[in-house]
$ cat entry01.cif   # mmCIF, C-alpha atoms and all ligand atoms
data_entry
#
loop_
_atom_site.group_PDB
_atom_site.id
_atom_site.type_symbol
_atom_site.label_atom_id
_atom_site.label_comp_id
_atom_site.auth_asym_id
_atom_site.auth_seq_id
_atom_site.Cartn_x
_atom_site.Cartn_y
_atom_site.Cartn_z
ATOM 1 C CA MET A 1 -4.365 -27.647 6.047
ATOM 2 C CA LEU A 2 -7.808 -29.127 5.501
ATOM 3 C CA HIS A 3 -10.670 -28.018 7.679
ATOM 4 C CA PRO A 4 -11.242 -30.936 10.098
ATOM 5 C CA GLN A 5 -15.064 -30.834 10.273
ATOM 6 C CA LEU A 6 -16.535 -29.655 7.016
ATOM 7 C CA PRO A 7 -16.654 -31.706 3.821
ATOM 8 C CA HIS A 8 -14.810 -30.181 0.872
ATOM 9 C CA THR A 9 -14.903 -30.474 -2.873
ATOM 10 C CA LEU A 10 -11.637 -31.456 -4.501
ATOM 11 C CA GLY A 11 -10.381 -28.750 -6.804
ATOM 12 C CA HIS A 12 -12.882 -26.012 -6.215
ATOM 13 C CA VAL A 13 -12.414 -22.252 -6.199
ATOM 14 C CA THR A 14 -15.010 -19.613 -5.283
ATOM 15 C CA LEU A 15 -14.507 -16.097 -6.602
ATOM 16 C CA VAL A 16 -16.077 -13.857 -3.995
ATOM 17 C CA GLY A 17 -17.019 -10.197 -4.327
ATOM 18 C CA ALA A 18 -15.942 -8.340 -1.188
ATOM 19 C CA GLY A 19 -18.006 -5.250 -2.041
ATOM 20 C CA PRO A 20 -16.781 -1.659 -2.196
ATOM 21 C CA GLY A 21 -15.308 -1.300 1.298
ATOM 22 C CA ASP A 22 -17.955 -1.179 4.039
ATOM 23 C CA PRO A 23 -17.828 -4.716 5.519
ATOM 24 C CA GLU A 24 -21.591 -4.598 6.087
ATOM 25 C CA LEU A 25 -22.111 -4.561 2.319
ATOM 26 C CA LEU A 26 -20.865 -8.140 2.071
ATOM 27 C CA THR A 27 -23.501 -10.688 0.993
ATOM 28 C CA LEU A 28 -24.496 -13.549 3.291
ATOM 29 C CA LYS A 29 -23.225 -15.914 0.608
ATOM 30 C CA ALA A 30 -19.826 -14.215 0.644
ATOM 31 C CA VAL A 31 -19.637 -14.548 4.434
ATOM 32 C CA ARG A 32 -20.450 -18.247 4.189
ATOM 33 C CA ALA A 33 -17.795 -18.841 1.525
ATOM 34 C CA ILE A 34 -15.147 -17.019 3.592
ATOM 35 C CA GLN A 35 -16.112 -18.981 6.718
ATOM 36 C CA GLY A 36 -15.664 -22.239 4.820
ATOM 37 C CA ALA A 37 -12.318 -21.427 3.181
ATOM 38 C CA ASP A 38 -8.992 -23.192 3.825
ATOM 39 C CA VAL A 39 -7.063 -20.605 1.854
ATOM 40 C CA ILE A 40 -8.054 -17.070 0.843
ATOM 41 C CA PHE A 41 -6.281 -15.055 -1.858
ATOM 42 C CA VAL A 42 -7.024 -11.410 -1.107
ATOM 43 C CA ASP A 43 -6.809 -8.296 -3.294
ATOM 44 C CA ASP A 44 -5.536 -5.109 -1.710
ATOM 45 C CA LEU A 45 -8.755 -3.076 -2.052
ATOM 46 C CA VAL A 46 -10.516 -5.609 0.160
ATOM 47 C CA ASN A 47 -11.271 -4.220 3.629
ATOM 48 C CA PRO A 48 -9.165 -6.272 6.122
ATOM 49 C CA LEU A 49 -12.149 -6.330 8.526
ATOM 50 C CA ILE A 50 -13.826 -8.768 6.150
ATOM 51 C CA LEU A 51 -11.199 -11.357 7.030
ATOM 52 C CA GLN A 52 -12.689 -11.557 10.520
ATOM 53 C CA HIS A 53 -15.131 -14.021 8.961
ATOM 54 C CA ALA A 54 -12.307 -16.448 8.183
ATOM 55 C CA THR A 55 -11.681 -19.315 10.601
ATOM 56 C CA PRO A 56 -8.364 -19.358 12.495
ATOM 57 C CA HIS A 57 -7.129 -22.290 10.409
ATOM 58 C CA ALA A 58 -7.547 -20.422 7.087
ATOM 59 C CA ARG A 59 -4.365 -19.317 5.324
ATOM 60 C CA VAL A 60 -4.651 -15.737 4.060
ATOM 61 C CA VAL A 61 -2.493 -14.774 1.073
ATOM 62 C CA HIS A 62 -2.363 -11.080 0.116
ATOM 63 C CA VAL A 63 -1.942 -10.720 -3.627
ATOM 64 C CA GLY A 64 -2.535 -7.004 -4.067
ATOM 65 C CA LYS A 65 -1.737 -5.222 -7.283
ATOM 66 C CA ARG A 66 -2.193 -1.466 -7.169
ATOM 67 C CA GLY A 67 -1.351 0.525 -10.302
ATOM 68 C CA GLY A 68 2.331 1.423 -10.342
ATOM 69 C CA CYS A 69 3.191 -0.439 -7.105
ATOM 70 C CA GLN A 70 4.976 -3.718 -6.546
ATOM 71 C CA SER A 71 2.378 -6.337 -7.409
ATOM 72 C CA THR A 72 1.915 -10.077 -7.466
ATOM 73 C CA PRO A 73 2.042 -11.244 -11.098
ATOM 74 C CA GLN A 74 -1.362 -12.380 -12.344
ATOM 75 C CA ALA A 75 0.081 -15.695 -13.581
ATOM 76 C CA PHE A 76 1.435 -16.428 -10.106
ATOM 77 C CA ILE A 77 -1.956 -15.756 -8.481
ATOM 78 C CA GLU A 78 -3.696 -18.069 -10.939
ATOM 79 C CA LYS A 79 -1.067 -20.799 -10.537
ATOM 80 C CA SER A 80 -1.305 -20.625 -6.738
ATOM 81 C CA MET A 81 -5.095 -20.951 -6.845
ATOM 82 C CA VAL A 82 -4.887 -23.979 -9.141
ATOM 83 C CA GLN A 83 -2.254 -25.594 -6.935
ATOM 84 C CA SER A 84 -4.243 -25.051 -3.721
ATOM 85 C CA ALA A 85 -7.409 -26.408 -5.323
ATOM 86 C CA ARG A 86 -5.544 -29.518 -6.523
ATOM 87 C CA GLU A 87 -4.354 -30.066 -2.951
ATOM 88 C CA GLY A 88 -8.033 -30.407 -2.054
ATOM 89 C CA LEU A 89 -8.248 -27.094 -0.251
ATOM 90 C CA ARG A 90 -11.360 -24.953 -0.389
ATOM 91 C CA VAL A 91 -10.082 -21.861 -2.099
ATOM 92 C CA VAL A 92 -11.671 -18.415 -1.931
ATOM 93 C CA ARG A 93 -10.468 -15.641 -4.207
ATOM 94 C CA LEU A 94 -11.616 -12.443 -2.503
ATOM 95 C CA LYS A 95 -11.859 -9.513 -4.900
ATOM 96 C CA GLY A 96 -12.963 -5.915 -4.320
ATOM 97 C CA GLY A 97 -16.465 -4.952 -5.468
ATOM 98 C CA ASP A 98 -17.856 -7.497 -7.903
ATOM 99 C CA PRO A 99 -15.365 -10.150 -9.087
ATOM 100 C CA PHE A 100 -16.348 -9.640 -12.734
ATOM 101 C CA MET A 101 -16.350 -5.850 -12.835
ATOM 102 C CA PHE A 102 -12.843 -5.146 -14.157
ATOM 103 C CA GLY A 103 -10.106 -6.517 -11.881
ATOM 104 C CA ARG A 104 -9.345 -9.576 -14.092
ATOM 105 C CA GLY A 105 -11.915 -11.999 -12.662
ATOM 106 C CA GLY A 106 -12.694 -13.134 -16.210
ATOM 107 C CA GLU A 107 -9.113 -14.187 -16.831
ATOM 108 C CA GLU A 108 -9.001 -16.067 -13.534
ATOM 109 C CA ILE A 109 -12.150 -18.050 -14.267
ATOM 110 C CA ASP A 110 -10.824 -18.894 -17.770
ATOM 111 C CA THR A 111 -7.590 -20.281 -16.312
ATOM 112 C CA LEU A 112 -9.403 -22.281 -13.636
ATOM 113 C CA ARG A 113 -11.716 -23.836 -16.233
ATOM 114 C CA GLU A 114 -8.807 -24.637 -18.555
ATOM 115 C CA GLN A 115 -7.109 -26.403 -15.673
ATOM 116 C CA GLY A 116 -10.232 -28.439 -14.923
ATOM 117 C CA ILE A 117 -10.891 -26.733 -11.606
ATOM 118 C CA THR A 118 -14.570 -26.279 -10.823
ATOM 119 C CA CYS A 119 -15.494 -22.790 -9.726
ATOM 120 C CA ASP A 120 -18.375 -20.602 -8.747
ATOM 121 C CA VAL A 121 -18.788 -16.888 -8.328
ATOM 122 C CA VAL A 122 -20.423 -14.850 -5.572
ATOM 123 C CA SER A 123 -21.250 -11.416 -6.883
ATOM 124 C CA GLY A 124 -20.502 -8.313 -4.850
ATOM 125 C CA ILE A 125 -21.638 -4.696 -4.906
ATOM 126 C CA THR A 126 -19.476 -2.877 -7.395
ATOM 127 C CA ALA A 127 -17.825 0.433 -6.427
ATOM 128 C CA GLY A 128 -19.605 2.490 -9.092
ATOM 129 C CA VAL A 129 -23.036 1.499 -7.841
ATOM 130 C CA ALA A 130 -22.117 1.751 -4.151
ATOM 131 C CA ALA A 131 -20.466 5.166 -4.533
ATOM 132 C CA MET A 132 -23.604 6.848 -5.809
ATOM 133 C CA SER A 133 -25.875 5.046 -3.326
ATOM 134 C CA ALA A 134 -23.568 6.284 -0.565
ATOM 135 C CA LEU A 135 -24.402 9.816 -1.757
ATOM 136 C CA SER A 136 -28.114 8.964 -1.990
ATOM 137 C CA THR A 137 -27.925 9.718 -5.708
ATOM 138 C CA PRO A 138 -29.283 7.389 -8.405
ATOM 139 C CA LEU A 139 -27.297 6.346 -11.470
ATOM 140 C CA THR A 140 -30.475 6.239 -13.547
ATOM 141 C CA HIS A 141 -33.385 8.624 -13.183
ATOM 142 C CA ARG A 142 -36.504 9.156 -15.239
ATOM 143 C CA GLY A 143 -35.867 12.235 -17.326
ATOM 144 C CA LEU A 144 -32.152 12.459 -16.505
ATOM 145 C CA ALA A 145 -30.518 9.160 -17.407
ATOM 146 C CA GLN A 146 -32.026 6.141 -19.121
ATOM 147 C CA GLY A 147 -28.993 3.919 -18.687
ATOM 148 C CA VAL A 148 -25.486 3.508 -17.273
ATOM 149 C CA LEU A 149 -22.199 2.570 -18.854
ATOM 150 C CA PHE A 150 -19.390 1.211 -16.685
ATOM 151 C CA ILE A 151 -15.981 1.673 -18.242
ATOM 152 C CA THR A 152 -12.326 1.583 -17.279
ATOM 153 C CA GLY A 153 -10.085 4.633 -17.693
ATOM 154 C CA HIS A 154 -7.036 2.399 -17.577
ATOM 155 C CA SER A 155 -6.327 0.998 -21.014
ATOM 156 C CA GLN A 156 -4.181 -2.074 -21.562
ATOM 157 C CA PRO A 157 -0.521 -1.378 -22.321
ATOM 158 C CA GLY A 158 -0.161 -0.954 -26.095
ATOM 159 C CA SER A 159 -3.872 -0.276 -26.615
ATOM 160 C CA ASP A 160 -5.404 3.109 -27.451
ATOM 161 C CA GLY A 161 -8.290 2.564 -25.054
ATOM 162 C CA PRO A 162 -11.821 3.612 -25.828
ATOM 163 C CA ASP A 163 -12.819 6.415 -28.184
ATOM 164 C CA TRP A 164 -13.883 8.873 -25.477
ATOM 165 C CA ALA A 165 -15.269 11.424 -27.920
ATOM 166 C CA SER A 166 -17.697 8.803 -29.312
ATOM 167 C CA LEU A 167 -18.645 7.649 -25.830
ATOM 168 C CA GLY A 168 -19.215 11.248 -24.753
ATOM 169 C CA HIS A 169 -21.440 11.847 -27.770
ATOM 170 C CA MET A 170 -23.472 8.740 -27.014
ATOM 171 C CA ALA A 171 -23.751 9.596 -23.295
ATOM 172 C CA HIS A 172 -24.801 13.172 -23.983
ATOM 173 C CA THR A 173 -27.302 12.524 -26.769
ATOM 174 C CA GLN A 174 -28.779 9.315 -25.314
ATOM 175 C CA ARG A 175 -28.790 10.423 -21.666
ATOM 176 C CA ILE A 176 -26.493 7.665 -20.424
ATOM 177 C CA THR A 177 -24.550 8.059 -17.169
ATOM 178 C CA LEU A 178 -20.850 7.197 -17.535
ATOM 179 C CA VAL A 179 -19.122 5.550 -14.578
ATOM 180 C CA VAL A 180 -15.372 5.476 -15.065
ATOM 181 C CA TYR A 181 -13.188 3.221 -12.923
ATOM 182 C CA MET A 182 -9.389 3.513 -12.592
ATOM 183 C CA ALA A 183 -9.374 6.966 -14.165
ATOM 184 C CA MET A 184 -7.610 9.156 -11.647
ATOM 185 C CA THR A 185 -4.223 9.292 -13.387
ATOM 186 C CA GLN A 186 -5.922 9.920 -16.751
ATOM 187 C CA LEU A 187 -8.491 12.563 -15.762
ATOM 188 C CA GLU A 188 -6.930 15.371 -17.778
ATOM 189 C CA GLN A 189 -6.436 13.339 -20.991
ATOM 190 C CA ILE A 190 -9.887 11.721 -20.870
ATOM 191 C CA THR A 191 -11.549 15.073 -20.126
ATOM 192 C CA GLN A 192 -9.908 16.679 -23.142
ATOM 193 C CA GLN A 193 -11.342 13.964 -25.375
ATOM 194 C CA LEU A 194 -14.801 14.074 -23.778
ATOM 195 C CA LEU A 195 -14.940 17.850 -24.277
ATOM 196 C CA ASN A 196 -14.934 17.212 -28.047
ATOM 197 C CA SER A 197 -18.468 15.893 -27.759
ATOM 198 C CA MET A 198 -19.875 16.928 -24.369
ATOM 199 C CA PRO A 199 -20.717 20.437 -23.115
ATOM 200 C CA ALA A 200 -18.127 21.963 -20.789
ATOM 201 C CA ASP A 201 -20.784 22.347 -18.078
ATOM 202 C CA THR A 202 -21.688 18.628 -18.058
ATOM 203 C CA ALA A 203 -22.116 17.677 -14.393
ATOM 204 C CA VAL A 204 -19.618 15.191 -12.934
ATOM 205 C CA ALA A 205 -18.694 13.773 -9.530
ATOM 206 C CA ILE A 206 -15.684 11.957 -8.139
ATOM 207 C CA VAL A 207 -16.141 9.669 -5.142
ATOM 208 C CA GLN A 208 -13.066 8.416 -3.346
ATOM 209 C CA HIS A 209 -13.031 5.587 -0.753
ATOM 210 C CA ALA A 210 -16.753 5.094 -1.293
ATOM 211 C CA THR A 211 -18.657 3.535 1.654
ATOM 212 C CA LEU A 212 -15.649 3.791 3.994
ATOM 213 C CA PRO A 213 -15.328 6.251 6.897
ATOM 214 C CA GLU A 214 -12.765 8.221 4.847
ATOM 215 C CA GLN A 215 -15.173 8.633 1.880
ATOM 216 C CA ARG A 216 -14.836 12.016 0.116
ATOM 217 C CA HIS A 217 -16.432 13.408 -3.002
ATOM 218 C CA ALA A 218 -16.359 16.444 -5.215
ATOM 219 C CA ALA A 219 -18.933 17.555 -7.770
ATOM 220 C CA CYS A 220 -18.314 20.110 -10.501
ATOM 221 C CA SER A 221 -18.450 20.603 -14.268
ATOM 222 C CA LEU A 222 -16.522 18.460 -16.742
ATOM 223 C CA SER A 223 -14.203 21.330 -17.656
ATOM 224 C CA GLN A 224 -13.211 21.841 -13.992
ATOM 225 C CA VAL A 225 -12.815 18.259 -12.872
ATOM 226 C CA ALA A 226 -9.089 17.657 -13.432
ATOM 227 C CA HIS A 227 -8.181 20.920 -11.739
ATOM 228 C CA LEU A 228 -10.507 20.354 -8.768
ATOM 229 C CA ALA A 229 -9.377 16.751 -8.241
ATOM 230 C CA ALA A 230 -5.725 17.862 -8.218
ATOM 231 C CA ALA A 231 -6.442 20.815 -5.910
ATOM 232 C CA GLU A 232 -8.349 18.611 -3.458
ATOM 233 C CA GLY A 233 -5.898 15.724 -3.640
ATOM 234 C CA LEU A 234 -8.554 13.257 -4.785
ATOM 235 C CA GLY A 235 -6.861 10.066 -5.940
ATOM 236 C CA SER A 236 -7.341 6.327 -6.292
ATOM 237 C CA PRO A 237 -9.452 4.449 -5.378
ATOM 238 C CA ALA A 238 -12.172 6.627 -6.819
ATOM 239 C CA VAL A 239 -14.956 6.439 -9.375
ATOM 240 C CA TRP A 240 -15.756 9.252 -11.745
ATOM 241 C CA VAL A 241 -19.445 9.653 -12.566
ATOM 242 C CA ILE A 242 -20.394 11.795 -15.556
ATOM 243 C CA GLY A 243 -23.939 12.952 -16.252
ATOM 244 C CA ASP A 244 -26.959 14.940 -15.114
ATOM 245 C CA VAL A 245 -27.728 12.614 -12.203
ATOM 246 C CA THR A 246 -24.772 14.210 -10.351
ATOM 247 C CA ARG A 247 -26.050 17.763 -10.821
ATOM 248 C CA GLY A 248 -27.839 17.983 -7.465
ATOM 249 C CA LEU A 249 -24.751 17.003 -5.457
ATOM 250 C CA GLN A 250 -23.103 19.493 -3.157
ATOM 251 C CA ALA A 251 -19.885 20.766 -4.783
ATOM 252 C CA LEU A 252 -17.656 19.501 -2.007
ATOM 253 C CA ASN A 253 -18.588 17.228 0.842
ATOM 254 C CA PRO A 254 -18.085 18.761 4.292
ATOM 255 C CA ALA A 255 -14.816 16.888 4.909
ATOM 256 C CA LEU A 256 -13.328 18.219 1.654
ATOM 257 C CA ALA A 257 -14.660 21.731 2.187
ATOM 258 C CA GLN A 258 -13.013 21.868 5.614
ATOM 259 C CA ALA A 259 -9.681 20.698 4.213
ATOM 260 C CA ALA A 260 -9.847 23.197 1.321
HETATM 261 N N1 LIG B 301 -14.076 -5.171 -9.101
HETATM 262 C C1 LIG B 301 -14.071 -3.847 -8.531
HETATM 263 C C2 LIG B 301 -13.297 -2.872 -9.403
HETATM 264 C C3 LIG B 301 -11.823 -3.235 -9.514
HETATM 265 S S1 LIG B 301 -10.951 -2.060 -10.417
HETATM 266 C C4 LIG B 301 -15.510 -3.368 -8.313
HETATM 267 O O1 LIG B 301 -16.435 -4.044 -8.781
HETATM 268 O O2 LIG B 301 -15.715 -2.347 -7.670
HETATM 269 C C5 LIG B 301 -10.406 -0.950 -9.126
HETATM 270 C C6 LIG B 301 -11.142 0.359 -9.237
HETATM 271 O O3 LIG B 301 -12.418 0.275 -8.623
HETATM 272 C C7 LIG B 301 -10.470 1.544 -8.543
HETATM 273 O O4 LIG B 301 -9.430 2.093 -9.307
HETATM 274 C C8 LIG B 301 -11.650 2.489 -8.414
HETATM 275 O O5 LIG B 301 -11.939 3.114 -9.649
HETATM 276 C C9 LIG B 301 -12.781 1.523 -8.093
HETATM 277 N N2 LIG B 301 -12.982 1.387 -6.653
HETATM 278 C C10 LIG B 301 -12.814 0.289 -5.908
HETATM 279 N N3 LIG B 301 -13.160 0.511 -4.632
HETATM 280 C C11 LIG B 301 -13.566 1.793 -4.553
HETATM 281 C C12 LIG B 301 -14.077 2.632 -3.516
HETATM 282 N N4 LIG B 301 -14.243 2.184 -2.264
HETATM 283 N N5 LIG B 301 -14.408 3.903 -3.832
HETATM 284 C C13 LIG B 301 -14.289 4.380 -5.080
HETATM 285 N N6 LIG B 301 -13.811 3.633 -6.100
HETATM 286 C C14 LIG B 301 -13.460 2.359 -5.843
#
$ encode --input "entry01.cif" --output "structure tokens" --more "lines below"
Ligand code: SAH
Amino acid sequence: MLHPQLPHTLGHVTLVGAGPGDPELLTLKAVRAIQGADVIFVDDLVNPLILQHATPHARVVHVGKRGGCQSTPQAFIEKSMVQSAREGLRVVRLKGGDPFMFGRGGEEIDTLREQGITCDVVSGITAGVAAMSALSTPLTHRGLAQGVLFITGHSQPGSDGPDWASLGHMAHTQRITLVVYMAMTQLEQITQQLLNSMPADTAVAIVQHATLPEQRHAACSLSQVAHLAAAEGLGSPAVWVIGDVTRGLQALNPALAQAA
């Protein structure tokens, strides 16, 4: 259904970053796009509280796709967006964090352009940045880290994924912080490869449910991380931060220490 009052652009989609979880980390531009939407396609890491900004007439379509679970095929999501835009609806695609940080936003924008649908993108705060800010810990720091590399731990089916030993060498020798997304099922394998080029006592942290009330983190050495994460039951969604900037963090946050 078209919104009765507001003008709309035929065939337009806005990709909106919903931020890492805390609804207060939404941008004003994101709020405005959600308020103006006729239909909203929502990923499952998006905090449902954010949908309070939608008007009652907006149709909300949940198209979650968590690793290993029943998911909406990507092609179906893209087709549905194109179809809704062609019907003249104002379409918002609400994606966790930043729409272009992993999570297939690039593929969606390619399809929309190919189909002649105009689109724009509202950036959001990505989980890797928010997770460390939530711990009052910088990702870069004079003397500790002169840069950051965001990378996925989940390689495409049939692909070998990155060369972790080379990345570890670069991170260690060049003082680059590594921020690994979607790594929790691969911690052990990735760690083994990183240990070929990084010292065993390299400082690391894992932050789960960053910026949400249930946020938990653990900090330890690279050689201990897989064991500690398993022992503490730390799982997805979490980011894994590798480098000296995490060295000052408390080993376990109070919530984890109590549960341990
Ligand atoms: N576009 C998103 C990332 C999508 S990939 C962004 O910019 O943040 C999904 C991965 O993001 C998860 O597997 C996890 O590694 C990370 N992630 C998302 N939300 C998170 C959160 N609240 N806390 C920790 N990691 C999170």
$ resolve_selection --input "entry01.cif" --expression "the PyMOL selection byres (((not hetatm)) within 7 of (chain B and resi 301))" --output "PyMOL selection string"
chain A and resi 19-21+45+95-103+125-128+131+180-183+207-212+236-239
$ residues_around --input "entry01.cif" --residues "Thr173 in chain A" --least-positions-apart "6" --cutoff "12 Å" --atoms "all atoms listed in the file" --output "compact mmCIF listing (two decimals) with C-alpha atoms, keeping the file's coordinate frame"
# COMPACT_ATOMS: atom_id res chain seq x y z
CA LEU A 144 -32.15 12.46 -16.50
CA ALA A 145 -30.52 9.16 -17.41
CA GLN A 146 -32.03 6.14 -19.12
CA GLY A 147 -28.99 3.92 -18.69
CA SER A 166 -17.70 8.80 -29.31
CA LEU A 167 -18.64 7.65 -25.83
CA SER A 197 -18.47 15.89 -27.76
CA MET A 198 -19.88 16.93 -24.37
CA PRO A 199 -20.72 20.44 -23.12
CA GLY A 243 -23.94 12.95 -16.25
CA ASP A 244 -26.96 14.94 -15.11
$ residues_around --input "entry01.cif" --residues "range 85-94 of chain A" --least-positions-apart "4" --cutoff "7 Å" --atoms "all atoms listed in the file" --output "list in words"
Leu2, His8, Thr9, Leu10, Gly11, His12, Val13, Thr14, Leu15, Val16, Gly17, Ala18, Ile34, Ala37, Asp38, Val39, Ile40, Phe41, Val42, Asp43 and Met81 of chain A
$ resolve_selection --input "entry01.cif" --expression "the PyMOL selection byres (((chain A and resi 23) around 7) and not hetatm)" --output "PyMOL selection string"
chain A and resi 21-22+24-26+47+49-50
$ atom_distance --input "entry01.cif" --atom1 "CA of Gln83 in chain A" --atom2 "CA of Glu107 in chain A"
16.6 Å
$ closest_residue --input "entry01.cif" --among "A:Thr246, A:Ser123, A:Ser80, A:Gln193" --to "Pro162 in chain A" --atoms "only C-alpha atoms"
A:Gln193
$ atom_distance --input "entry01.cif" --atom1 "CA of Val225 in chain A" --atom2 "CA of Arg142 in chain A"
25.5 Å
$ closest_residue --input "entry01.cif" --among "A:Thr137, A:Arg247, A:Asp44, A:Gly233" --to "Ala259 in chain A" --atoms "only C-alpha atoms"
A:Gly233
$ resolve_selection --input "entry01.cif" --expression "the PyMOL selection byres (((chain A and resi 56) around 12) and not hetatm)" --output "list of chain:residue names"
A:Met1, A:His3, A:Ile34, A:Gln35, A:Gly36, A:Ala37, A:Asp38, A:Val39, A:Ile40, A:Leu51, A:Gln52, A:His53, A:Ala54, A:Thr55, A:His57, A:Ala58, A:Arg59, A:Val60
$ decode --input "entry01.cif" --residues "range 33-51 of chain A" --atoms "C-alpha atoms" --output "mmCIF file, in the first residue's frame"
data_model
loop_
_atom_site.group_PDB
_atom_site.id
_atom_site.type_symbol
_atom_site.label_atom_id
_atom_site.label_comp_id
_atom_site.auth_asym_id
_atom_site.auth_seq_id
_atom_site.Cartn_x
_atom_site.Cartn_y
_atom_site.Cartn_z
ATOM 1 C CA ALA A 33 14.265 6.395 5.830
ATOM 2 C CA ILE A 34 12.474 3.852 8.050
ATOM 3 C CA GLN A 35 9.722 6.367 8.860
ATOM 4 C CA GLY A 36 9.147 6.944 5.151
ATOM 5 C CA ALA A 37 9.102 3.290 4.060
ATOM 6 C CA ASP A 38 6.120 1.397 2.605
ATOM 7 C CA VAL A 39 7.917 -1.922 2.842
ATOM 8 C CA ILE A 40 10.947 -2.914 4.926
ATOM 9 C CA PHE A 41 13.035 -6.033 4.292
ATOM 10 C CA VAL A 42 14.760 -6.828 7.576
ATOM 11 C CA ASP A 43 17.814 -8.971 8.361
ATOM 12 C CA ASP A 44 17.738 -11.071 11.503
ATOM 13 C CA LEU A 45 20.595 -9.310 13.333
ATOM 14 C CA VAL A 46 18.575 -6.097 13.265
ATOM 15 C CA ASN A 47 17.221 -5.169 16.706
ATOM 16 C CA PRO A 48 13.380 -5.408 16.482
ATOM 17 C CA LEU A 49 13.103 -2.202 18.564
ATOM 18 C CA ILE A 50 14.321 -0.296 15.517
ATOM 19 C CA LEU A 51 11.084 -1.161 13.742
#
